[in-house]
There are 2 protein chains.
Amino acid sequence: MLDAAERAIRRDGAGVSIDDIAREAGVTKPIVYAQVGKRTTLSDALAQRLADRLVEAAKRAIKKRRTPRTRLVAMIRSNLETLAEHRELFLFVTSGSSEDMAQRTLYLAGQSAKPLAEQTAAARTATGRDPAVAVAWSYAIVGMLNMVSLWWLTESAEPAERVADHIAELLWSGLGSDSSQGPT
Amino acid sequence: MLDAAERAIRRDGAGVSIDDIAREAGVTKPIVYAQVGKRTTLSDALAQRLADRLVEAAKRAIKKRRTPRTRLVAMIRSNLETLAEHRELFLFVTSGSSEDMAQRTLYLAGQSAKPLAEQTAAARTATGRDPAVAVAWSYAIVGMLNMVSLWWLTESAEPAERVADHIAELLWSGLGSDSSQGPT
DNA sequence: GTCGATATCTTACTGACGGTAAATACTATG
DNA sequence: CATAGTATTTACCGTCAGTAAGATATCGAC
């Protein structure tokens, strides 16, 4: 059923109607409602699947790399490519009106961010630094990746590799690595 | 008229209907359509205003600071507080279904990001480094700020000051400042 | 095999909303 | 007062989320 929903989204775009999804699943609307609840519930479930895939792909991607820096590049690139593969699904789960979208976006972000946060907290604790930044950092990184992905998917012609390199440099070395610059 | 729309959004939330906006403006629906066009046009116009305010507030905030690093903290904090002040408006312009929301989110981001991008490019050119990263970095930073703001507005109880400090540290020094960590 | 009960699916409906066309009130000019 | 033209409203259409009532199938009892 969720698979059918994904097929319908892939075919008809993020603005697909429940009726379309039902048709794609070979049933009628009330069946969809009985199985997955209202639209927001469906979105939540699909967001969960997407988050799982992102985390899964990231894990697979960084397994081959050895240094933290190359792992970072691999993770970013994996994120770009996974979202490119599920473009409409990504738009579907991040759309939806008002309060609800905020909740779901945060949930999606939170799922992706949790591994990052745990590890960042552990690493900082291990080196005797404040782990309190971990949660904020995780959301920051996920938000960054989401926006960059959206931009890359929609407006950029650069290869994923290049974009991933750029973002990794920012994320790894920061703006301060050249001390003469900063926001004006 | 746009002011009335903002009042309606503030009062009734991001899911406000055009009829509500018209009522708030003391007119009827077709007048709204005649003056600002369809819902997406309205959203675009309000996104522009919000972007202007963000840039304006950021400029004001960093004027008092001297070092790049403190300017960065001030900019982030200004972003958090400005979006907190316009929470519902922020949710309104970043919602909306499907393809359309992507366009507008990118536009909003692009507006906020433009000053950042120009300056980053200039600074990097001045120090003999590749300025090609500038555009990607701008979107990255804006996405980061948006997500952190959303999280902070919705789920965090920490003061803006602390969050701004955390994010500034990430953005200024990067993940690599302690070389033992990195994504797993 | 037939009848009745229960679970399952579908058709049909409601309410809300975005967007627009037709109707109406208003104003200016002769 | 009449008429032309404009501003505004009322009334409408199509679409869609969500649900209730009706139809159909399944299964047990006799």
# chains A, B, ... in the order shown; residues from 1 in each chain; ligands from 1
>>> interface_residues(of="chain B", to="chain D", cutoff="10 Å", atoms="only C-alpha atoms (C1' of nucleotides)", output="PDB file with N, CA and C atoms, in the first residue's frame")
ATOM      1  N   VAL B  27     -12.587  43.461   2.711  1.00  0.00           N
ATOM      2  CA  VAL B  27     -13.121  43.367   1.353  1.00  0.00           C
ATOM      3  C   VAL B  27     -13.588  41.931   1.098  1.00  0.00           C
ATOM      4  N   THR B  28     -13.827  41.605  -0.146  1.00  0.00           N
ATOM      5  CA  THR B  28     -14.237  40.241  -0.457  1.00  0.00           C
ATOM      6  C   THR B  28     -13.203  39.581  -1.366  1.00  0.00           C
ATOM      7  N   LYS B  29     -13.359  38.296  -1.518  1.00  0.00           N
ATOM      8  CA  LYS B  29     -12.326  37.489  -2.157  1.00  0.00           C
ATOM      9  C   LYS B  29     -11.847  37.993  -3.516  1.00  0.00           C
ATOM     10  N   PRO B  30     -12.746  38.295  -4.452  1.00  0.00           N
ATOM     11  CA  PRO B  30     -12.264  38.714  -5.770  1.00  0.00           C
ATOM     12  C   PRO B  30     -11.371  39.953  -5.714  1.00  0.00           C
ATOM     13  N   ILE B  31     -11.572  40.804  -4.741  1.00  0.00           N
ATOM     14  CA  ILE B  31     -10.694  41.979  -4.602  1.00  0.00           C
ATOM     15  C   ILE B  31      -9.270  41.520  -4.319  1.00  0.00           C
TER      16      ILE B  31
END
>>> residues_around(residues="Val163 (chain B)", least_positions_apart="6", cutoff="9 Å", atoms="only C-alpha atoms (C1' of nucleotides)", output="list in words")
Val133 and Ala136 of chain A; Ile76, Arg77, Leu80, Val148 and Trp152 of chain B
>>> write_last_selection(atoms="C-alpha atoms", output="PDB file, in the first residue's frame")
ATOM      1  CA  VAL A 133      25.673  21.297  20.919  1.00  0.00           C
ATOM      2  CA  ALA A 136      21.314  21.725  17.451  1.00  0.00           C
TER       3      ALA A 136
ATOM      4  CA  ILE B  76      22.369  33.803  13.463  1.00  0.00           C
ATOM      5  CA  ARG B  77      20.700  35.150  16.543  1.00  0.00           C
ATOM      6  CA  LEU B  80      16.294  33.132  15.019  1.00  0.00           C
ATOM      7  CA  VAL B 148      17.399  25.266  13.233  1.00  0.00           C
ATOM      8  CA  TRP B 152      14.023  26.029  17.999  1.00  0.00           C
TER       9      TRP B 152
END
>>> calpha_fit_and_write(fixed="chain A", moving="chain B", output="short mmCIF file (atom, residue, chain, number, x, y, z; two decimals) with C-alpha atoms, in the first residue's frame")
data_model
loop_
_atom_site.label_atom_id
_atom_site.label_comp_id
_atom_site.auth_asym_id
_atom_site.auth_seq_id
_atom_site.Cartn_x
_atom_site.Cartn_y
_atom_site.Cartn_z
CA MET B 1 -0.04 0.03 -0.05
CA LEU B 2 2.72 2.44 0.87
CA ASP B 3 4.50 1.18 -2.22
CA ALA B 4 1.45 2.06 -4.28
CA ALA B 5 1.43 5.50 -2.74
CA GLU B 6 5.04 5.95 -3.71
CA ARG B 7 4.34 4.85 -7.26
CA ALA B 8 1.46 7.31 -7.50
CA ILE B 9 3.62 10.12 -6.15
CA ARG B 10 6.37 9.25 -8.57
CA ARG B 11 3.91 9.28 -11.45
CA ASP B 12 1.69 12.23 -10.63
CA GLY B 13 3.96 14.41 -8.55
CA ALA B 14 3.84 15.57 -4.98
CA GLY B 15 0.37 17.08 -5.35
CA VAL B 16 -1.22 13.70 -5.95
CA SER B 17 -4.72 13.15 -4.57
CA ILE B 18 -5.81 10.32 -2.31
CA ASP B 19 -8.10 9.11 -5.08
CA ASP B 20 -5.13 8.79 -7.39
CA ILE B 21 -3.23 6.82 -4.77
CA ALA B 22 -6.23 4.56 -4.25
CA ARG B 23 -6.53 4.00 -7.98
CA GLU B 24 -2.86 3.14 -8.20
CA ALA B 25 -3.33 0.61 -5.41
CA GLY B 26 -6.32 -0.90 -7.23
CA VAL B 27 -8.75 -0.03 -4.46
CA THR B 28 -10.98 2.88 -3.52
CA LYS B 29 -10.49 5.79 -1.20
CA PRO B 30 -12.03 4.47 2.03
CA ILE B 31 -9.70 1.47 1.88
CA VAL B 32 -6.75 3.82 1.88
CA TYR B 33 -8.21 5.60 4.87
CA ALA B 34 -8.79 2.30 6.65
CA GLN B 35 -5.23 1.14 6.09
CA VAL B 36 -3.10 4.23 6.52
CA GLY B 37 -5.40 6.84 8.00
CA LYS B 38 -5.61 10.41 6.82
CA ARG B 39 -3.22 12.21 4.55
CA THR B 40 -0.92 13.36 7.31
CA THR B 41 -0.59 9.81 8.64
CA LEU B 42 0.33 8.63 5.18
CA SER B 43 2.88 11.40 4.91
CA ASP B 44 4.32 10.44 8.26
CA ALA B 45 4.69 6.83 7.23
CA LEU B 46 6.35 7.77 3.95
CA ALA B 47 8.61 10.21 5.75
CA GLN B 48 9.73 7.38 8.00
CA ARG B 49 10.56 5.21 5.01
CA LEU B 50 12.46 8.02 3.36
CA ALA B 51 14.39 8.75 6.52
CA ASP B 52 15.28 5.08 6.84
CA ARG B 53 16.54 5.02 3.29
CA LEU B 54 18.63 8.12 3.82
CA VAL B 55 20.25 6.70 6.92
CA GLU B 56 20.72 3.33 5.29
CA ALA B 57 22.32 4.78 2.18
CA ALA B 58 24.56 6.99 4.26
CA LYS B 59 25.73 4.05 6.33
CA ARG B 60 26.51 2.06 3.22
CA ALA B 61 28.32 4.97 1.61
CA ILE B 62 30.66 5.67 4.49
CA LYS B 63 31.64 2.07 5.02
CA LYS B 64 34.16 2.19 2.22
CA ARG B 65 35.83 5.37 3.45
CA ARG B 66 38.51 5.58 6.07
CA THR B 67 39.06 9.15 7.18
CA PRO B 68 36.36 11.27 8.82
CA ARG B 69 36.66 13.82 6.09
CA THR B 70 36.09 11.39 3.23
CA ARG B 71 33.26 9.84 5.19
CA LEU B 72 31.66 13.24 5.41
CA VAL B 73 31.89 13.77 1.66
CA ALA B 74 30.44 10.33 1.07
CA MET B 75 27.56 10.97 3.42
CA ILE B 76 26.67 14.25 1.78
CA ARG B 77 26.88 12.80 -1.68
CA SER B 78 24.77 9.86 -0.64
CA ASN B 79 22.18 12.24 0.70
CA LEU B 80 22.08 14.21 -2.54
CA GLU B 81 21.76 11.13 -4.68
CA THR B 82 19.18 9.42 -2.52
CA LEU B 83 16.98 12.49 -2.50
CA ALA B 84 17.45 12.87 -6.24
CA GLU B 85 16.25 9.33 -6.64
CA HIS B 86 13.15 10.09 -4.56
CA ARG B 87 12.61 13.67 -5.61
CA GLU B 88 8.82 13.67 -5.71
CA LEU B 89 8.56 11.70 -2.51
CA PHE B 90 10.83 14.21 -0.84
CA LEU B 91 8.61 17.04 -2.03
CA PHE B 92 5.51 15.14 -0.94
CA VAL B 93 6.62 14.59 2.62
CA THR B 94 7.99 18.09 3.05
CA SER B 95 4.84 19.74 1.71
CA GLY B 96 1.42 19.78 3.30
CA SER B 97 -0.16 22.75 4.90
CA SER B 98 0.56 24.71 8.01
CA GLU B 99 1.42 23.32 11.41
CA ASP B 100 1.41 19.81 10.19
CA MET B 101 4.29 20.21 7.76
CA ALA B 102 6.46 21.66 10.50
CA GLN B 103 5.89 18.61 12.66
CA ARG B 104 6.65 16.19 9.86
CA THR B 105 9.68 18.06 8.59
CA LEU B 106 11.07 18.06 12.07
CA TYR B 107 10.31 14.39 12.46
CA LEU B 108 12.03 13.56 9.18
CA ALA B 109 14.95 15.71 10.20
CA GLY B 110 15.02 14.21 13.66
CA GLN B 111 15.24 10.70 12.30
CA SER B 112 18.11 11.56 9.99
CA ALA B 113 19.75 13.60 12.67
CA LYS B 114 19.62 11.10 15.49
CA PRO B 115 22.68 9.06 14.47
CA LEU B 116 24.59 12.23 13.84
CA ALA B 117 23.60 13.69 17.16
CA GLU B 118 24.51 10.60 19.14
CA GLN B 119 27.88 10.37 17.55
CA THR B 120 28.66 14.03 17.81
CA ALA B 121 27.77 13.98 21.48
CA ALA B 122 29.92 10.93 22.07
CA ALA B 123 32.88 12.38 20.22
CA ARG B 124 32.69 15.66 22.05
CA THR B 125 32.29 13.99 25.41
CA ALA B 126 35.29 11.82 24.62
CA THR B 127 37.44 14.86 23.90
CA GLY B 128 36.21 16.67 26.96
CA ARG B 129 34.06 19.23 25.20
CA ASP B 130 30.49 20.28 25.71
CA PRO B 131 28.14 17.74 24.10
CA ALA B 132 25.16 20.06 24.43
CA VAL B 133 25.69 21.33 20.92
CA ALA B 134 24.88 17.93 19.42
CA VAL B 135 21.15 18.27 18.95
CA ALA B 136 21.31 21.74 17.47
CA TRP B 137 24.14 20.67 15.19
CA SER B 138 22.20 17.69 13.91
CA TYR B 139 19.23 19.78 12.92
CA ALA B 140 21.59 22.29 11.40
CA ILE B 141 23.29 19.68 9.26
CA VAL B 142 20.05 18.07 8.17
CA GLY B 143 18.54 21.43 7.26
CA MET B 144 21.64 22.27 5.33
CA LEU B 145 21.51 19.02 3.41
CA ASN B 146 17.81 19.39 2.70
CA MET B 147 18.11 22.88 1.32
CA VAL B 148 21.20 22.09 -0.71
CA SER B 149 19.47 19.03 -2.09
CA LEU B 150 16.40 21.02 -3.02
CA TRP B 151 18.55 23.61 -4.73
CA TRP B 152 20.67 21.06 -6.49
CA LEU B 153 17.64 19.06 -7.64
CA THR B 154 15.85 22.11 -8.92
CA GLU B 155 18.30 24.66 -10.16
CA SER B 156 21.82 23.39 -10.31
CA ALA B 157 23.53 21.59 -13.14
CA GLU B 158 26.66 20.73 -11.21
CA PRO B 159 27.51 17.09 -10.59
CA ALA B 160 26.70 15.73 -7.14
CA GLU B 161 30.37 15.09 -6.52
CA ARG B 162 31.30 18.76 -6.79
CA VAL B 163 28.44 19.96 -4.62
CA ALA B 164 29.25 17.35 -2.00
CA ASP B 165 32.86 18.52 -1.98
CA HIS B 166 31.85 22.12 -1.50
CA ILE B 167 29.47 21.38 1.32
CA ALA B 168 31.91 19.05 3.00
CA GLU B 169 34.51 21.76 2.98
CA LEU B 170 32.13 24.19 4.65
CA LEU B 171 30.99 21.65 7.18
CA TRP B 172 34.45 20.33 7.94
CA SER B 173 36.57 23.45 7.97
CA GLY B 174 33.99 26.14 8.60
CA LEU B 175 33.86 29.72 7.47
CA GLY B 176 36.68 30.65 9.80
CA SER B 177 39.36 28.62 8.13
CA ASP B 178 40.33 31.77 6.31
CA SER B 179 40.29 34.33 9.06
CA SER B 180 39.86 37.37 6.86
CA GLN B 181 36.28 36.66 5.94
CA GLY B 182 32.94 36.72 7.69
CA PRO B 183 29.45 38.11 7.26
CA THR B 184 29.00 41.78 6.62
#
>>> select_by_dssp(residues="chain B", states="alpha helix (DSSP H)", output="JSON, numbers by chain")
{"B": [2, 3, 4, 5, 6, 7, 8, 9, 10, 11, 12, 18, 19, 20, 21, 22, 23, 24, 25, 29, 30, 31, 32, 33, 34, 35, 36, 39, 40, 41, 42, 43, 44, 45, 46, 47, 48, 49, 50, 51, 52, 53, 54, 55, 56, 57, 58, 59, 60, 61, 62, 63, 68, 69, 70, 71, 72, 73, 74, 75, 76, 77, 78, 79, 80, 81, 82, 83, 84, 85, 87, 88, 89, 90, 91, 92, 93, 94, 98, 99, 100, 101, 102, 103, 104, 105, 106, 107, 108, 109, 110, 111, 112, 113, 114, 115, 116, 117, 118, 119, 120, 121, 122, 123, 124, 125, 126, 133, 134, 135, 136, 137, 138, 139, 140, 141, 142, 143, 144, 145, 146, 147, 148, 149, 150, 151, 152, 153, 154, 155, 160, 161, 162, 163, 164, 165, 166, 167, 168, 169, 170, 171, 172, 173]}
>>> interface_residues(of="chain C", to="chain A", cutoff="10 Å", atoms="only C-alpha atoms (C1' of nucleotides)", output="list of chain:residue names")
C:DT8, C:DC9, C:DT10
